[in-house]
Amino acid sequence: DRLDISGNYVRIVDYKTGSHENTAKTLGDLFKRNDSHAGYYFQTFLYSLATKRSKRTQLPIKPVLFYTAKAGKRDYDPTLTIDKTKVEDICAYEQEFEEQLKELIKEIFSKDKPFAKTSNTKYCEYCDYRKMCGR
């Protein structure tokens with residue numbers, strides 16, 4: 001991951017080795033737990049928001065997932081899209097993303113909702129905490 005200042009915006013680049021799409025139907029899709037790639041978009045949005053909040057730049061902040069497997073294609077554009085609209089600046093999504101993030105954090109720390117292991121053990125393969133939960 002890196003901060004790339006080029007032109008009239010700051011590009012937050014998250015490099016991936018796969019070849020998935022850089023699109024989500026809604027911002028809420030970034031918070032889906034049953035979609036293994038939603039986390040990629042979520043992570044890049046979170047990095048973008050953190051960069052904006054750091055006040056390191058006043059330029060628009062553009063989240064990008066750069067899939068190395070697609071990089072050689074002439075028409076490849078790594079810009080994330082929400083409902084077929086390119087995310088050219090995190091500001092347009094900041095408020096909604098932050099609201100959903102707060103709800104997620106509230107749910108994580110809720111005493112009314114006990115911790116439950118994921119039913120998809122594929123997520124556990126590279127998890128640093130799998131021994132702690134017995135996976």
# chains A, B, ... in the order shown; residues from 1 in each chain; ligands from 1
>>> residues_around(residues="segment 53-63 of chain A", least_positions_apart="4", cutoff="9 Å", atoms="only C-alpha atoms", output="ChimeraX atom specification")
/A:5,8-14,41,44-45,47-49,78-80,87-91
>>> residues_around(residues="segment 109-126 of chain A", least_positions_apart="2", cutoff="12 Å", atoms="only C-alpha atoms", output="mmCIF file with N, CA, C and O atoms, in the first residue's frame")
data_model
loop_
_atom_site.group_PDB
_atom_site.id
_atom_site.type_symbol
_atom_site.label_atom_id
_atom_site.label_comp_id
_atom_site.auth_asym_id
_atom_site.auth_seq_id
_atom_site.Cartn_x
_atom_site.Cartn_y
_atom_site.Cartn_z
ATOM 1 N N ARG A 33 -20.090 -9.273 5.128
ATOM 2 C CA ARG A 33 -19.146 -10.224 5.716
ATOM 3 C C ARG A 33 -19.034 -11.512 4.918
ATOM 4 O O ARG A 33 -18.089 -12.243 5.065
ATOM 5 N N ASN A 34 -20.016 -11.806 4.080
ATOM 6 C CA ASN A 34 -19.983 -13.056 3.332
ATOM 7 C C ASN A 34 -19.328 -12.900 1.960
ATOM 8 O O ASN A 34 -19.291 -13.822 1.186
ATOM 9 N N ASP A 35 -18.806 -11.729 1.683
ATOM 10 C CA ASP A 35 -18.119 -11.469 0.410
ATOM 11 C C ASP A 35 -16.632 -11.304 0.703
ATOM 12 O O ASP A 35 -16.218 -10.314 1.304
ATOM 13 N N SER A 36 -15.843 -12.271 0.271
ATOM 14 C CA SER A 36 -14.416 -12.248 0.604
ATOM 15 C C SER A 36 -13.682 -11.050 0.021
ATOM 16 O O SER A 36 -12.633 -10.669 0.513
ATOM 17 N N HIS A 37 -14.221 -10.430 -1.026
ATOM 18 C CA HIS A 37 -13.518 -9.308 -1.638
ATOM 19 C C HIS A 37 -14.037 -7.943 -1.193
ATOM 20 O O HIS A 37 -13.419 -6.937 -1.470
ATOM 21 N N GLY A 39 -13.909 -6.890 1.670
ATOM 22 C CA GLY A 39 -12.875 -6.404 2.583
ATOM 23 C C GLY A 39 -11.788 -5.609 1.875
ATOM 24 O O GLY A 39 -11.213 -4.690 2.445
ATOM 25 N N LYS A 102 -19.177 3.251 12.048
ATOM 26 C CA LYS A 102 -19.551 3.399 13.466
ATOM 27 C C LYS A 102 -20.516 2.297 13.882
ATOM 28 O O LYS A 102 -20.404 1.750 14.987
ATOM 29 N N GLU A 103 -21.472 1.963 13.012
ATOM 30 C CA GLU A 103 -22.416 0.892 13.313
ATOM 31 C C GLU A 103 -21.692 -0.451 13.439
ATOM 32 O O GLU A 103 -22.004 -1.258 14.320
ATOM 33 N N LEU A 104 -20.745 -0.692 12.563
ATOM 34 C CA LEU A 104 -19.969 -1.930 12.618
ATOM 35 C C LEU A 104 -19.176 -2.015 13.920
ATOM 36 O O LEU A 104 -19.172 -3.054 14.590
ATOM 37 N N ILE A 105 -18.534 -0.933 14.294
ATOM 38 C CA ILE A 105 -17.752 -0.915 15.542
ATOM 39 C C ILE A 105 -18.658 -1.112 16.744
ATOM 40 O O ILE A 105 -18.329 -1.858 17.669
ATOM 41 N N LYS A 106 -19.822 -0.482 16.720
ATOM 42 C CA LYS A 106 -20.789 -0.643 17.811
ATOM 43 C C LYS A 106 -21.213 -2.110 17.926
ATOM 44 O O LYS A 106 -21.308 -2.657 19.015
ATOM 45 N N GLU A 107 -21.433 -2.748 16.786
ATOM 46 C CA GLU A 107 -21.828 -4.159 16.778
ATOM 47 C C GLU A 107 -20.704 -5.044 17.305
ATOM 48 O O GLU A 107 -20.950 -5.978 18.077
ATOM 49 N N ASP A 128 -4.240 -14.599 11.904
ATOM 50 C CA ASP A 128 -3.257 -14.678 12.993
ATOM 51 C C ASP A 128 -3.866 -15.211 14.290
ATOM 52 O O ASP A 128 -3.141 -15.617 15.190
ATOM 53 N N TYR A 129 -5.188 -15.198 14.398
ATOM 54 C CA TYR A 129 -5.858 -15.567 15.641
ATOM 55 C C TYR A 129 -6.530 -16.929 15.591
ATOM 56 O O TYR A 129 -7.249 -17.307 16.504
ATOM 57 N N ARG A 130 -6.292 -17.721 14.555
ATOM 58 C CA ARG A 130 -6.995 -18.999 14.409
ATOM 59 C C ARG A 130 -6.691 -19.957 15.535
ATOM 60 O O ARG A 130 -7.539 -20.751 15.918
ATOM 61 N N LYS A 131 -5.499 -19.922 16.088
ATOM 62 C CA LYS A 131 -5.171 -20.816 17.212
ATOM 63 C C LYS A 131 -5.967 -20.442 18.447
ATOM 64 O O LYS A 131 -6.386 -21.305 19.218
ATOM 65 N N MET A 132 -6.179 -19.156 18.637
ATOM 66 C CA MET A 132 -6.899 -18.677 19.800
ATOM 67 C C MET A 132 -8.355 -19.154 19.794
ATOM 68 O O MET A 132 -8.930 -19.465 20.834
ATOM 69 N N CYS A 133 -8.956 -19.248 18.614
ATOM 70 C CA CYS A 133 -10.366 -19.677 18.551
ATOM 71 C C CYS A 133 -10.479 -21.158 18.208
ATOM 72 O O CYS A 133 -11.584 -21.665 18.032
ATOM 73 N N GLY A 134 -9.360 -21.849 18.091
ATOM 74 C CA GLY A 134 -9.399 -23.293 17.889
ATOM 75 C C GLY A 134 -9.509 -23.753 16.452
ATOM 76 O O GLY A 134 -9.885 -24.878 16.189
ATOM 77 N N ARG A 135 -9.167 -22.889 15.526
ATOM 78 C CA ARG A 135 -9.262 -23.291 14.118
ATOM 79 C C ARG A 135 -7.930 -23.759 13.621
ATOM 80 O O ARG A 135 -7.041 -23.278 13.263
#
>>> select_by_dssp(residues="chain A", states="strand (DSSP E)", output="PyMOL selection string")
chain A and resi 2-6+9-16+23-24+61-67+81-82+85-86
>>> write_last_selection(atoms="N, CA, C and O atoms", output="CSV table (one decimal), in the first residue's frame")
chain,number,residue,atom,x,y,z
A,2,ARG,N,0.4,2.3,-0.7
A,2,ARG,CA,1.3,3.5,-0.7
A,2,ARG,C,0.4,4.7,-1.0
A,2,ARG,O,-0.7,4.6,-1.6
A,3,LEU,N,1.0,5.8,-0.7
A,3,LEU,CA,0.4,7.1,-1.0
A,3,LEU,C,1.0,7.6,-2.3
A,3,LEU,O,2.3,7.7,-2.4
A,4,ASP,N,0.2,7.8,-3.3
A,4,ASP,CA,0.7,8.3,-4.6
A,4,ASP,C,0.1,9.6,-5.0
A,4,ASP,O,-1.0,9.7,-5.3
A,5,ILE,N,1.0,10.7,-4.9
A,5,ILE,CA,0.5,12.0,-5.3
A,5,ILE,C,0.9,12.2,-6.7
A,5,ILE,O,2.1,12.3,-7.1
A,6,SER,N,-0.1,12.2,-7.6
A,6,SER,CA,0.1,12.4,-9.0
A,6,SER,C,-1.0,13.3,-9.6
A,6,SER,O,-2.1,13.0,-9.6
A,9,TYR,N,-4.8,14.9,-7.6
A,9,TYR,CA,-5.4,14.1,-6.6
A,9,TYR,C,-4.3,13.2,-5.9
A,9,TYR,O,-3.2,13.1,-6.4
A,10,VAL,N,-4.7,12.7,-4.8
A,10,VAL,CA,-3.9,11.7,-4.1
A,10,VAL,C,-4.5,10.3,-4.3
A,10,VAL,O,-5.7,10.1,-4.1
A,11,ARG,N,-3.7,9.4,-4.8
A,11,ARG,CA,-4.2,8.1,-5.1
A,11,ARG,C,-3.8,7.1,-4.0
A,11,ARG,O,-2.6,7.0,-3.7
A,12,ILE,N,-4.7,6.5,-3.3
A,12,ILE,CA,-4.4,5.5,-2.3
A,12,ILE,C,-4.4,4.1,-3.0
A,12,ILE,O,-5.5,3.7,-3.4
A,13,VAL,N,-3.2,3.5,-3.1
A,13,VAL,CA,-3.1,2.3,-3.9
A,13,VAL,C,-3.0,1.1,-3.0
A,13,VAL,O,-2.1,1.0,-2.1
A,14,ASP,N,-3.8,0.1,-3.2
A,14,ASP,CA,-3.7,-1.2,-2.5
A,14,ASP,C,-3.5,-2.2,-3.6
A,14,ASP,O,-4.3,-2.4,-4.4
A,15,TYR,N,-2.3,-2.8,-3.6
A,15,TYR,CA,-1.9,-3.8,-4.6
A,15,TYR,C,-2.5,-5.2,-4.3
A,15,TYR,O,-2.4,-5.6,-3.1
A,16,LYS,N,-3.0,-5.8,-5.3
A,16,LYS,CA,-3.6,-7.2,-5.1
A,16,LYS,C,-3.1,-8.1,-6.2
A,16,LYS,O,-2.8,-7.6,-7.3
A,23,THR,N,-15.5,-3.0,-8.4
A,23,THR,CA,-16.8,-2.3,-8.3
A,23,THR,C,-17.7,-3.0,-7.2
A,23,THR,O,-17.5,-4.1,-6.9
A,24,ALA,N,-18.5,-2.1,-6.7
A,24,ALA,CA,-19.5,-2.6,-5.7
A,24,ALA,C,-20.8,-1.9,-6.1
A,24,ALA,O,-20.8,-0.8,-6.6
A,61,ILE,N,-8.9,12.6,-2.7
A,61,ILE,CA,-8.3,11.3,-2.4
A,61,ILE,C,-9.1,10.2,-3.1
A,61,ILE,O,-10.3,10.1,-3.0
A,62,LYS,N,-8.4,9.5,-4.0
A,62,LYS,CA,-8.9,8.5,-4.9
A,62,LYS,C,-8.5,7.1,-4.5
A,62,LYS,O,-7.3,6.8,-4.5
A,63,PRO,N,-9.4,6.2,-4.0
A,63,PRO,CA,-9.0,4.9,-3.6
A,63,PRO,C,-8.9,4.0,-4.8
A,63,PRO,O,-9.7,4.0,-5.8
A,64,VAL,N,-7.8,3.2,-4.9
A,64,VAL,CA,-7.5,2.4,-6.0
A,64,VAL,C,-7.1,0.9,-5.6
A,64,VAL,O,-6.3,0.8,-4.6
A,65,LEU,N,-7.7,-0.1,-6.2
A,65,LEU,CA,-7.3,-1.4,-6.0
A,65,LEU,C,-6.5,-1.8,-7.3
A,65,LEU,O,-7.1,-1.9,-8.4
A,66,PHE,N,-5.2,-2.0,-7.2
A,66,PHE,CA,-4.4,-2.3,-8.4
A,66,PHE,C,-4.1,-3.8,-8.4
A,66,PHE,O,-3.3,-4.3,-7.7
A,67,TYR,N,-4.8,-4.5,-9.3
A,67,TYR,CA,-4.7,-5.9,-9.5
A,67,TYR,C,-3.5,-6.1,-10.5
A,67,TYR,O,-3.7,-5.8,-11.7
A,81,THR,N,-15.2,1.6,-8.1
A,81,THR,CA,-16.5,2.2,-8.5
A,81,THR,C,-17.6,1.8,-7.6
A,81,THR,O,-17.5,0.7,-7.0
A,82,ILE,N,-18.5,2.6,-7.4
A,82,ILE,CA,-19.7,2.3,-6.6
A,82,ILE,C,-20.9,2.6,-7.5
A,82,ILE,O,-21.0,3.7,-8.0
A,85,THR,N,-20.1,4.2,-10.8
A,85,THR,CA,-19.6,5.5,-10.7
A,85,THR,C,-18.2,5.5,-10.1
A,85,THR,O,-18.0,4.9,-9.0
A,86,LYS,N,-17.2,6.0,-10.9
A,86,LYS,CA,-15.8,6.0,-10.4
A,86,LYS,C,-15.7,6.9,-9.1
A,86,LYS,O,-16.3,8.0,-9.1
>>> atom_distance(atom1="atom CA of Thr51 of chain A", atom2="atom CA of Gly72 of chain A")
28.3 Å
>>> closest_residue(among="A:Gln100, A:Cys127, A:Ile108, A:Ala69", to="Leu27 of chain A", atoms="only C-alpha atoms")
A:Gln100
>>> atom_distance(atom1="atom CA of Leu30 of chain A", atom2="atom CA of Leu101 of chain A")
10.0 Å
>>> atom_distance(atom1="atom CA of Ala92 of chain A", atom2="atom CA of Lys73 of chain A")
28.6 Å
